[in-house]
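Visitor: Sending over a structure as C-alpha cells; questions will come in a sec.
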Amino acid sequence: SQKIEQNSEALNIQEGKTATLTCNYTNYSPAYLQWYRQDPGRGPVFLLLIRENEKEKRKERLKVTFDTTLKQSLFHITASQPADSATYLCALVNAGNNRKLIWGLGTSLAVNP
Amino acid sequence: GAGVSQTPSNKVTEKGKYVELRCDPISGHTALYWYRQSLGQGPEFLIYFQGTGAADDSGLPNDRFFAVRPEGSVSTLKIQRTERGDSAVYLCASSLMGYSGTGELFFGEGSRLTVL
C-alpha cells in the first residue's frame with residue numbers, strides 16, 4: 001500500500017542544536033516534495049520544495065534533502081530556536097496525471113531554551 | 001486580499017443541521033483547495049477548483065458535501081445533514097497554478113466545525 005510516514009513521536013531538542021525530521025514514503029514516485037510548518041490553531045505555511053532530481057535545498061537555517069533510493073526526505077533546522085517549535089508536515093506529489101498533494105501526519109518539534 | 005480568508009473561524013452546530021463555510025483566496029490565484037484536518041492528522045484533501053470548475057472532487061467523503069466557486073474567486077463548502085464525525089478544522093488553500101505547477105499552497109487559518 002502507499003504510505004507517507006513522519007516521526008510519530010514529538011522531537012525535543014535543546015536550543016542551538018540541529019533538529020532533523022524524517023519523511024519516508026512507500027510505493028510512490030514523487031515528482032516533488034514540500035515541507036510546511038503548522039502552529040497550533042493556524043493553517044500550514046510553506047517552507048521548501050525539492051524536486052525528484054535535486055539532492056538538497058537550502059533556505060537560511062533550513063535544509064531539505066531528498067534520497068529517492070532510500071525513499072526519504074530529511075528536514076534540518078540548524079541553530080534551532082524556541083520559535084522553531086511547531087508541527088512540520090511533509091507532502092508529496094506523485095509523478096503522473098494526478099497532481100494532488102499527499103500529506104504526512106506531521107512531526108511535533110519542541111525546542112527548549 | 002493579503003492572504004486567504006476563511007469564515008467563520010468557529011462554528012458549532014447540531015447534528016442534522018446545514019453548514020456553509022466560506023473561503024476568500026488570494027487575489028489572482030486560480031487554484032483553490034479544500035482540506036479538512038483532525039487533531040494529530042495531516043490535511044485530508046476534499047476538492048480542488050481550477051477557476052470556476054471542480055477539477056478534482058475525489059476527496060469529498062459523500063454526497064452531503066458540496067462546494068462551489070461560481071465566479072472563480074470566493075468558494076463555499078456546504079455540508080448537509082451534519083454528523084458528529086464531520087467535526088474537524090476545514091482548511092482552504094489557494095495557489096497560482098494548481099495541478100499544472102509546483103507552487104506552494106497558501107492556507108487560511110481554517111474554520112473549526114463542531115457538530116454536537
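Here, A, B, ... name the chains of the C-alpha cells in the order displayed, residue numbers run from 1 inside each chain, and ligands are numbered from 1 in the same displayed order.
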Within 9 Å of Gln80 (chain B), counting only C-alpha atoms, which residues show up once you throw out same-chain ones fewer than 6 positions away? Write them as a list in words, please.
Guide: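 So, after excluding close chain neighbours, the residues are Gly16, Lys17, Tyr18, Val19, Glu20, Asp63, Arg64, Phe65 and Phe66 of chain B.
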Visitor: Take the residues that were just selected and, keeping all heavy atoms, output them as an mmCIF file, in the first residue's frame.
Guide:
data_model
loop_
_atom_site.group_PDB
_atom_site.id
_atom_site.type_symbol
_atom_site.label_atom_id
_atom_site.label_comp_id
_atom_site.auth_asym_id
_atom_site.auth_seq_id
_atom_site.Cartn_x
_atom_site.Cartn_y
_atom_site.Cartn_z
ATOM 1 N N GLY B 16 -27.441 17.097 12.136
ATOM 2 C CA GLY B 16 -28.558 17.210 11.210
ATOM 3 C C GLY B 16 -28.711 18.565 10.557
ATOM 4 O O GLY B 16 -29.454 18.701 9.575
ATOM 5 N N LYS B 17 -28.010 19.570 11.067
ATOM 6 C CA LYS B 17 -28.128 20.905 10.505
ATOM 7 C C LYS B 17 -27.261 21.079 9.265
ATOM 8 O O LYS B 17 -26.355 20.293 9.005
ATOM 9 C CB LYS B 17 -27.716 21.957 11.547
ATOM 10 C CG LYS B 17 -28.554 21.974 12.795
ATOM 11 C CD LYS B 17 -29.936 22.499 12.538
ATOM 12 C CE LYS B 17 -30.676 22.725 13.862
ATOM 13 N NZ LYS B 17 -32.077 23.121 13.637
ATOM 14 N N TYR B 18 -27.548 22.179 8.546
ATOM 15 C CA TYR B 18 -26.796 22.531 7.339
ATOM 16 C C TYR B 18 -25.757 23.605 7.679
ATOM 17 O O TYR B 18 -26.035 24.522 8.456
ATOM 18 C CB TYR B 18 -27.795 23.047 6.305
ATOM 19 C CG TYR B 18 -27.209 23.686 5.078
ATOM 20 C CD1 TYR B 18 -26.715 22.910 4.041
ATOM 21 C CD2 TYR B 18 -27.165 25.082 4.945
ATOM 22 C CE1 TYR B 18 -26.193 23.504 2.902
ATOM 23 C CE2 TYR B 18 -26.648 25.676 3.816
ATOM 24 C CZ TYR B 18 -26.168 24.881 2.784
ATOM 25 O OH TYR B 18 -25.653 25.461 1.664
ATOM 26 N N VAL B 19 -24.585 23.482 7.098
ATOM 27 C CA VAL B 19 -23.496 24.413 7.391
ATOM 28 C C VAL B 19 -22.850 24.901 6.094
ATOM 29 O O VAL B 19 -22.696 24.118 5.141
ATOM 30 C CB VAL B 19 -22.426 23.701 8.260
ATOM 31 C CG1 VAL B 19 -21.119 24.445 8.266
ATOM 32 C CG2 VAL B 19 -22.921 23.542 9.682
ATOM 33 N N GLU B 20 -22.485 26.168 6.079
ATOM 34 C CA GLU B 20 -21.703 26.721 4.969
ATOM 35 C C GLU B 20 -20.429 27.342 5.520
ATOM 36 O O GLU B 20 -20.456 28.093 6.497
ATOM 37 C CB GLU B 20 -22.504 27.809 4.232
ATOM 38 C CG GLU B 20 -23.616 27.291 3.370
ATOM 39 C CD GLU B 20 -24.209 28.368 2.467
ATOM 40 O OE1 GLU B 20 -23.817 29.551 2.612
ATOM 41 O OE2 GLU B 20 -25.060 28.029 1.630
ATOM 42 N N ASP B 63 -22.165 12.424 -0.517
ATOM 43 C CA ASP B 63 -22.956 13.462 -1.199
ATOM 44 C C ASP B 63 -23.533 14.499 -0.260
ATOM 45 O O ASP B 63 -24.265 15.394 -0.692
ATOM 46 C CB ASP B 63 -24.068 12.816 -2.048
ATOM 47 C CG ASP B 63 -25.046 12.007 -1.220
ATOM 48 O OD1 ASP B 63 -24.942 12.037 0.039
ATOM 49 O OD2 ASP B 63 -25.911 11.359 -1.810
ATOM 50 N N ARG B 64 -23.204 14.426 1.025
ATOM 51 C CA ARG B 64 -23.618 15.517 1.919
ATOM 52 C C ARG B 64 -22.707 16.740 1.767
ATOM 53 O O ARG B 64 -23.052 17.828 2.215
ATOM 54 C CB ARG B 64 -23.595 15.045 3.373
ATOM 55 C CG ARG B 64 -24.602 13.942 3.700
ATOM 56 C CD ARG B 64 -24.629 13.646 5.196
ATOM 57 N NE ARG B 64 -23.337 13.158 5.685
ATOM 58 C CZ ARG B 64 -22.501 13.885 6.417
ATOM 59 N NH1 ARG B 64 -22.798 15.136 6.747
ATOM 60 N NH2 ARG B 64 -21.361 13.338 6.840
ATOM 61 N N PHE B 65 -21.549 16.507 1.157
ATOM 62 C CA PHE B 65 -20.556 17.567 0.993
ATOM 63 C C PHE B 65 -20.614 18.092 -0.441
ATOM 64 O O PHE B 65 -20.617 17.312 -1.402
ATOM 65 C CB PHE B 65 -19.148 17.045 1.276
ATOM 66 C CG PHE B 65 -18.870 16.766 2.722
ATOM 67 C CD1 PHE B 65 -19.413 15.658 3.353
ATOM 68 C CD2 PHE B 65 -18.053 17.619 3.455
ATOM 69 C CE1 PHE B 65 -19.156 15.404 4.688
ATOM 70 C CE2 PHE B 65 -17.782 17.375 4.787
ATOM 71 C CZ PHE B 65 -18.332 16.263 5.398
ATOM 72 N N PHE B 66 -20.614 19.409 -0.554
ATOM 73 C CA PHE B 66 -20.640 20.040 -1.868
ATOM 74 C C PHE B 66 -19.909 21.365 -1.783
ATOM 75 O O PHE B 66 -19.917 22.014 -0.737
ATOM 76 C CB PHE B 66 -22.102 20.269 -2.291
ATOM 77 C CG PHE B 66 -22.269 20.712 -3.708
ATOM 78 C CD1 PHE B 66 -21.997 19.847 -4.756
ATOM 79 C CD2 PHE B 66 -22.687 21.994 -4.003
ATOM 80 C CE1 PHE B 66 -22.139 20.247 -6.057
ATOM 81 C CE2 PHE B 66 -22.829 22.411 -5.308
ATOM 82 C CZ PHE B 66 -22.562 21.534 -6.338
#
Visitor: Could you tell me which residues of chain B sit within 8 Å of chain A when counting only C-alpha atoms, and give me the result as a ChimeraX atom specification?
Guide: /B:40-44,91,99-100,102,104-110
Visitor: Quick one: residues within 10 Å of region 24-35 of chain B, only C-alpha atoms counted, chain neighbours fewer than 3 positions away excluded, as a ChimeraX atom specification?
Guide: /B:1-7,42-57,59-60,67,69,72-77,88-100,105-108,110
Visitor: Separation of CA of Asn112 (chain A) and CA of Phe75 (chain A), in Å?
Guide: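 That distance, rounded to one decimal, is 18.6 Å.
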Visitor: Can you work out the spacing between CA of Leu113 (chain B) and CA of Arg22 (chain B) in Å, to one decimal?
Guide: 12.3 Å
Visitor: Just how far from CA of Gln72 (chain A) is CA of Cys23 (chain A), in Å to one decimal?
Guide: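 These two atoms are separated by 5.6 Å.
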Visitor: Based on DSSP run over this structure's backbone, return all residues of chain B in helix (DSSP H, G or I), as an MDAnalysis selection string.
Guide: chainID B and resid 84:86 98:100
Visitor: Give me the residues near Glu83 (chain B) as a list in words, where near means some atom within 9 Å (using only C-alpha atoms) and where sequence neighbours in that chain fewer than 2 positions away do not count.
Guide: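 Here the answer would be Glu14, Lys15, Gly16, Lys17, Gln80, Arg81, Gly85, Asp86, Ser87, Val115 and Leu116 of chain B.
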Visitor: May I have the residues from that selection written out with all heavy atoms, as a PDB file, in the first residue's frame?
Guide:
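File written: selection_9.pdb
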ATOM      1  N   GLU B  14     -25.711  21.704  15.509  1.00  0.00           N
ATOM      2  CA  GLU B  14     -26.297  20.461  15.999  1.00  0.00           C
ATOM      3  C   GLU B  14     -26.355  19.428  14.877  1.00  0.00           C
ATOM      4  O   GLU B  14     -26.490  19.794  13.687  1.00  0.00           O
ATOM      5  CB  GLU B  14     -27.701  20.722  16.529  1.00  0.00           C
ATOM      6  CG  GLU B  14     -27.716  21.576  17.784  1.00  0.00           C
ATOM      7  CD  GLU B  14     -29.130  21.826  18.283  1.00  0.00           C
ATOM      8  OE1 GLU B  14     -30.078  21.640  17.490  1.00  0.00           O
ATOM      9  OE2 GLU B  14     -29.270  22.224  19.448  1.00  0.00           O
ATOM     10  N   LYS B  15     -26.279  18.209  15.250  1.00  0.00           N
ATOM     11  CA  LYS B  15     -26.388  17.101  14.302  1.00  0.00           C
ATOM     12  C   LYS B  15     -27.630  17.281  13.440  1.00  0.00           C
ATOM     13  O   LYS B  15     -28.703  17.588  13.937  1.00  0.00           O
ATOM     14  CB  LYS B  15     -26.446  15.790  15.088  1.00  0.00           C
ATOM     15  CG  LYS B  15     -26.556  14.528  14.269  1.00  0.00           C
ATOM     16  CD  LYS B  15     -26.470  13.313  15.208  1.00  0.00           C
ATOM     17  CE  LYS B  15     -26.608  12.025  14.463  1.00  0.00           C
ATOM     18  NZ  LYS B  15     -27.915  11.830  13.837  1.00  0.00           N
ATOM     19  N   GLY B  16     -27.441  17.097  12.136  1.00  0.00           N
ATOM     20  CA  GLY B  16     -28.558  17.210  11.210  1.00  0.00           C
ATOM     21  C   GLY B  16     -28.711  18.565  10.557  1.00  0.00           C
ATOM     22  O   GLY B  16     -29.454  18.701   9.575  1.00  0.00           O
ATOM     23  N   LYS B  17     -28.010  19.570  11.067  1.00  0.00           N
ATOM     24  CA  LYS B  17     -28.128  20.905  10.505  1.00  0.00           C
ATOM     25  C   LYS B  17     -27.261  21.079   9.265  1.00  0.00           C
ATOM     26  O   LYS B  17     -26.355  20.293   9.005  1.00  0.00           O
ATOM     27  CB  LYS B  17     -27.716  21.957  11.547  1.00  0.00           C
ATOM     28  CG  LYS B  17     -28.554  21.974  12.795  1.00  0.00           C
ATOM     29  CD  LYS B  17     -29.936  22.499  12.538  1.00  0.00           C
ATOM     30  CE  LYS B  17     -30.676  22.725  13.862  1.00  0.00           C
ATOM     31  NZ  LYS B  17     -32.077  23.121  13.637  1.00  0.00           N
ATOM     32  N   GLN B  80     -24.440  19.203   4.288  1.00  0.00           N
ATOM     33  CA  GLN B  80     -25.840  18.958   4.646  1.00  0.00           C
ATOM     34  C   GLN B  80     -25.918  17.888   5.720  1.00  0.00           C
ATOM     35  O   GLN B  80     -25.050  17.019   5.821  1.00  0.00           O
ATOM     36  CB  GLN B  80     -26.602  18.474   3.407  1.00  0.00           C
ATOM     37  CG  GLN B  80     -26.659  19.486   2.276  1.00  0.00           C
ATOM     38  CD  GLN B  80     -27.388  18.947   1.062  1.00  0.00           C
ATOM     39  OE1 GLN B  80     -27.216  17.785   0.694  1.00  0.00           O
ATOM     40  NE2 GLN B  80     -28.210  19.764   0.442  1.00  0.00           N
ATOM     41  N   ARG B  81     -26.985  17.945   6.501  1.00  0.00           N
ATOM     42  CA  ARG B  81     -27.289  16.895   7.498  1.00  0.00           C
ATOM     43  C   ARG B  81     -26.006  16.529   8.257  1.00  0.00           C
ATOM     44  O   ARG B  81     -25.576  15.361   8.258  1.00  0.00           O
ATOM     45  CB  ARG B  81     -27.875  15.674   6.809  1.00  0.00           C
ATOM     46  CG  ARG B  81     -29.129  15.991   5.995  1.00  0.00           C
ATOM     47  CD  ARG B  81     -29.734  14.729   5.385  1.00  0.00           C
ATOM     48  NE  ARG B  81     -28.808  13.978   4.546  1.00  0.00           N
ATOM     49  CZ  ARG B  81     -28.488  14.279   3.304  1.00  0.00           C
ATOM     50  NH1 ARG B  81     -29.010  15.351   2.722  1.00  0.00           N
ATOM     51  NH2 ARG B  81     -27.636  13.511   2.630  1.00  0.00           N
ATOM     52  N   GLY B  85     -19.185  13.078  13.184  1.00  0.00           N
ATOM     53  CA  GLY B  85     -17.914  12.757  12.540  1.00  0.00           C
ATOM     54  C   GLY B  85     -17.411  13.831  11.579  1.00  0.00           C
ATOM     55  O   GLY B  85     -16.264  13.761  11.121  1.00  0.00           O
ATOM     56  N   ASP B  86     -18.262  14.812  11.285  1.00  0.00           N
ATOM     57  CA  ASP B  86     -17.825  15.918  10.416  1.00  0.00           C
ATOM     58  C   ASP B  86     -17.019  16.951  11.194  1.00  0.00           C
ATOM     59  O   ASP B  86     -16.435  17.856  10.597  1.00  0.00           O
ATOM     60  CB  ASP B  86     -19.039  16.622   9.793  1.00  0.00           C
ATOM     61  CG  ASP B  86     -19.882  15.705   8.924  1.00  0.00           C
ATOM     62  OD1 ASP B  86     -19.329  14.711   8.405  1.00  0.00           O
ATOM     63  OD2 ASP B  86     -21.084  15.987   8.767  1.00  0.00           O
ATOM     64  N   SER B  87     -16.985  16.833  12.516  1.00  0.00           N
ATOM     65  CA  SER B  87     -16.245  17.795  13.339  1.00  0.00           C
ATOM     66  C   SER B  87     -14.758  17.729  12.989  1.00  0.00           C
ATOM     67  O   SER B  87     -14.140  16.665  13.012  1.00  0.00           O
ATOM     68  CB  SER B  87     -16.437  17.474  14.825  1.00  0.00           C
ATOM     69  OG  SER B  87     -17.792  17.622  15.193  1.00  0.00           O
ATOM     70  N   VAL B 115     -19.775  19.589  15.628  1.00  0.00           N
ATOM     71  CA  VAL B 115     -21.148  19.099  15.498  1.00  0.00           C
ATOM     72  C   VAL B 115     -21.518  18.387  16.792  1.00  0.00           C
ATOM     73  O   VAL B 115     -20.881  17.384  17.162  1.00  0.00           O
ATOM     74  CB  VAL B 115     -21.295  18.159  14.290  1.00  0.00           C
ATOM     75  CG1 VAL B 115     -22.753  17.720  14.150  1.00  0.00           C
ATOM     76  CG2 VAL B 115     -20.824  18.843  13.013  1.00  0.00           C
ATOM     77  N   LEU B 116     -22.506  18.922  17.472  1.00  0.00           N
ATOM     78  CA  LEU B 116     -22.909  18.346  18.776  1.00  0.00           C
ATOM     79  C   LEU B 116     -23.937  17.230  18.610  1.00  0.00           C
ATOM     80  O   LEU B 116     -24.707  17.225  17.636  1.00  0.00           O
ATOM     81  CB  LEU B 116     -23.479  19.450  19.663  1.00  0.00           C
ATOM     82  CG  LEU B 116     -22.528  20.624  19.951  1.00  0.00           C
ATOM     83  CD1 LEU B 116     -23.225  21.679  20.768  1.00  0.00           C
ATOM     84  CD2 LEU B 116     -21.266  20.127  20.667  1.00  0.00           C
TER      85      LEU B 116
END
Visitor: Please identify all polymer residues within 7 Å of Leu11 (chain A), counting only C-alpha atoms, omitting same-chain residues fewer than 2 positions from it, and present them as a PyMOL selection string.
Guide: chain A and resi 9+13+108-110
Visitor: Those same residues - N, CA and C atoms - I'd like them written as a PDB file, in the first residue's frame.
Guide:
ATOM      1  N   GLU A   9       6.595  10.321  17.079  1.00  0.00           N
ATOM      2  CA  GLU A   9       6.823  10.896  18.406  1.00  0.00           C
ATOM      3  C   GLU A   9       7.346  12.323  18.272  1.00  0.00           C
ATOM      4  N   ILE A  13      14.425  19.067  21.457  1.00  0.00           N
ATOM      5  CA  ILE A  13      15.865  19.321  21.371  1.00  0.00           C
ATOM      6  C   ILE A  13      16.193  20.607  22.119  1.00  0.00           C
ATOM      7  N   SER A 108       5.846  16.842  15.587  1.00  0.00           N
ATOM      8  CA  SER A 108       5.877  17.985  16.500  1.00  0.00           C
ATOM      9  C   SER A 108       7.306  18.193  16.999  1.00  0.00           C
ATOM     10  N   LEU A 109       7.787  19.402  16.886  1.00  0.00           N
ATOM     11  CA  LEU A 109       9.132  19.761  17.343  1.00  0.00           C
ATOM     12  C   LEU A 109       9.018  20.760  18.491  1.00  0.00           C
ATOM     13  N   ALA A 110       9.735  20.480  19.561  1.00  0.00           N
ATOM     14  CA  ALA A 110       9.822  21.430  20.683  1.00  0.00           C
ATOM     15  C   ALA A 110      11.290  21.763  20.902  1.00  0.00           C
TER      16      ALA A 110
END
Visitor: Go through A:Ile4, A:Leu70, A:Leu21, A:Val111 and flag the residue nearest Ala86 (chain A), using only C-alpha atoms for the distances.
Guide: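 That would be A:Val111, the residue with the smallest distance to Ala86 (chain A).
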Visitor: Using only C-alpha atoms for the distances, tell me which of B:Lys78, B:Glu71, B:Thr114, B:Leu39 is nearest to Thr13 (chain B).
Guide: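 Using only C-alpha atoms, the shortest distance to Thr13 (chain B) belongs to B:Thr114.
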Visitor: From the DSSP assignment of the backbone, select every residue of region 27-112 of chain B that is strand (DSSP E), and format the answer as a ChimeraX atom specification.
Guide: /B:31-37,44-50,53-56,65-68,75-79,88-95,106-107,111-112
Visitor: Generate a file of the selected residues that holds N, CA, C and O atoms, formatted as a compact mmCIF listing (two decimals), in the first residue's frame.
Guide:
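File written: out_26.txt
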# COMPACT_ATOMS: atom_id res chain seq x y z
N ALA B 31 -6.23 28.56 -8.53
CA ALA B 31 -6.47 27.27 -7.90
C ALA B 31 -6.91 27.46 -6.45
O ALA B 31 -6.36 28.28 -5.72
N LEU B 32 -7.91 26.67 -6.06
CA LEU B 32 -8.42 26.72 -4.68
C LEU B 32 -8.69 25.31 -4.22
O LEU B 32 -9.21 24.47 -4.97
N TYR B 33 -8.31 25.03 -2.99
CA TYR B 33 -8.42 23.69 -2.42
C TYR B 33 -9.16 23.75 -1.09
O TYR B 33 -8.99 24.69 -0.32
N TRP B 34 -9.92 22.70 -0.83
CA TRP B 34 -10.48 22.50 0.49
C TRP B 34 -9.89 21.22 1.08
O TRP B 34 -9.80 20.19 0.39
N TYR B 35 -9.48 21.33 2.34
CA TYR B 35 -9.00 20.19 3.11
C TYR B 35 -9.75 20.17 4.43
O TYR B 35 -10.31 21.18 4.87
N ARG B 36 -9.71 19.03 5.09
CA ARG B 36 -10.11 19.03 6.49
C ARG B 36 -9.03 18.33 7.29
O ARG B 36 -8.31 17.46 6.78
N GLN B 37 -8.91 18.75 8.54
CA GLN B 37 -7.83 18.25 9.38
C GLN B 37 -8.37 17.96 10.78
O GLN B 37 -9.00 18.81 11.40
N GLU B 44 -6.50 16.44 5.02
CA GLU B 44 -7.17 15.44 4.17
C GLU B 44 -7.83 16.18 3.01
O GLU B 44 -8.70 17.03 3.21
N PHE B 45 -7.43 15.85 1.81
CA PHE B 45 -7.93 16.54 0.61
C PHE B 45 -9.43 16.31 0.43
O PHE B 45 -9.93 15.19 0.59
N LEU B 46 -10.14 17.38 0.09
CA LEU B 46 -11.55 17.26 -0.23
C LEU B 46 -11.82 17.56 -1.70
O LEU B 46 -12.36 16.73 -2.42
N ILE B 47 -11.43 18.75 -2.16
CA ILE B 47 -11.79 19.19 -3.51
C ILE B 47 -10.82 20.26 -3.97
O ILE B 47 -10.27 21.01 -3.16
N TYR B 48 -10.62 20.30 -5.30
CA TYR B 48 -9.72 21.27 -5.93
C TYR B 48 -10.46 21.95 -7.07
O TYR B 48 -11.07 21.29 -7.91
N PHE B 49 -10.44 23.27 -7.07
CA PHE B 49 -11.03 24.07 -8.14
C PHE B 49 -9.93 24.70 -8.97
O PHE B 49 -8.93 25.21 -8.45
N GLN B 50 -10.12 24.67 -10.28
CA GLN B 50 -9.28 25.46 -11.18
C GLN B 50 -10.25 26.43 -11.84
O GLN B 50 -11.08 26.04 -12.66
N GLY B 53 -14.48 25.73 -12.06
CA GLY B 53 -14.84 24.33 -12.10
C GLY B 53 -14.11 23.47 -11.11
O GLY B 53 -12.93 23.72 -10.81
N ALA B 54 -14.78 22.45 -10.61
CA ALA B 54 -14.16 21.49 -9.71
C ALA B 54 -13.35 20.51 -10.55
O ALA B 54 -13.91 19.64 -11.20
N ALA B 55 -12.03 20.67 -10.55
CA ALA B 55 -11.16 19.82 -11.36
C ALA B 55 -10.92 18.46 -10.72
O ALA B 55 -10.59 17.50 -11.41
N ASP B 56 -11.07 18.38 -9.41
CA ASP B 56 -10.85 17.12 -8.71
C ASP B 56 -11.69 17.15 -7.44
O ASP B 56 -11.39 17.91 -6.53
N PHE B 65 -21.55 16.51 1.16
CA PHE B 65 -20.56 17.57 0.99
C PHE B 65 -20.61 18.09 -0.44
O PHE B 65 -20.62 17.31 -1.40
N PHE B 66 -20.61 19.41 -0.55
CA PHE B 66 -20.64 20.04 -1.87
C PHE B 66 -19.91 21.36 -1.78
O PHE B 66 -19.92 22.01 -0.74
N ALA B 67 -19.24 21.76 -2.84
CA ALA B 67 -18.53 23.05 -2.83
C ALA B 67 -18.75 23.75 -4.16
O ALA B 67 -18.91 23.10 -5.20
N VAL B 68 -18.77 25.06 -4.11
CA VAL B 68 -18.95 25.88 -5.31
C VAL B 68 -17.95 27.01 -5.33
O VAL B 68 -17.44 27.43 -4.28
N SER B 75 -15.09 30.76 -2.56
CA SER B 75 -15.67 29.41 -2.60
C SER B 75 -16.44 29.16 -1.32
O SER B 75 -16.10 29.69 -0.25
N THR B 76 -17.47 28.35 -1.43
CA THR B 76 -18.26 27.95 -0.27
C THR B 76 -18.31 26.44 -0.21
O THR B 76 -18.63 25.78 -1.20
N LEU B 77 -17.98 25.89 0.94
CA LEU B 77 -18.12 24.47 1.21
C LEU B 77 -19.43 24.29 1.97
O LEU B 77 -19.66 24.95 2.98
N LYS B 78 -20.26 23.40 1.47
CA LYS B 78 -21.60 23.21 2.04
C LYS B 78 -21.70 21.78 2.57
O LYS B 78 -21.36 20.83 1.85
N ILE B 79 -22.16 21.65 3.78
CA ILE B 79 -22.32 20.33 4.39
C ILE B 79 -23.77 20.20 4.83
O ILE B 79 -24.26 20.98 5.66
N ALA B 88 -14.21 18.88 12.64
CA ALA B 88 -12.81 18.97 12.22
C ALA B 88 -12.51 20.44 11.94
O ALA B 88 -13.41 21.29 12.01
N VAL B 89 -11.27 20.71 11.60
CA VAL B 89 -10.91 22.04 11.08
C VAL B 89 -10.92 21.94 9.56
O VAL B 89 -10.27 21.06 8.99
N TYR B 90 -11.68 22.81 8.93
CA TYR B 90 -11.75 22.83 7.47
C TYR B 90 -10.83 23.94 6.97
O TYR B 90 -11.01 25.12 7.29
N LEU B 91 -9.82 23.52 6.21
CA LEU B 91 -8.81 24.44 5.72
C LEU B 91 -9.04 24.72 4.24
O LEU B 91 -9.34 23.81 3.47
N CYS B 92 -8.84 25.96 3.88
CA CYS B 92 -8.88 26.35 2.48
C CYS B 92 -7.48 26.83 2.10
O CYS B 92 -6.76 27.42 2.91
N ALA B 93 -7.08 26.53 0.89
CA ALA B 93 -5.78 26.98 0.39
C ALA B 93 -5.93 27.45 -1.05
O ALA B 93 -6.83 27.00 -1.76
N SER B 94 -5.07 28.34 -1.46
CA SER B 94 -5.06 28.75 -2.86
C SER B 94 -3.63 28.73 -3.38
O SER B 94 -2.67 28.74 -2.61
N SER B 95 -3.51 28.63 -4.69
CA SER B 95 -2.20 28.71 -5.32
C SER B 95 -2.34 29.32 -6.70
O SER B 95 -3.44 29.38 -7.26
N PHE B 106 -1.08 28.38 -0.22
CA PHE B 106 -1.26 29.38 0.82
C PHE B 106 -2.55 29.03 1.55
O PHE B 106 -3.63 29.03 0.94
N PHE B 107 -2.43 28.75 2.83
CA PHE B 107 -3.58 28.31 3.60
C PHE B 107 -4.20 29.46 4.39
O PHE B 107 -3.51 30.39 4.82
N SER B 111 -11.58 26.91 9.44
CA SER B 111 -12.87 27.03 10.14
C SER B 111 -13.04 25.79 11.00
O SER B 111 -13.08 24.68 10.45
N ARG B 112 -13.12 25.99 12.30
CA ARG B 112 -13.29 24.84 13.20
C ARG B 112 -14.78 24.53 13.32
O ARG B 112 -15.55 25.37 13.79
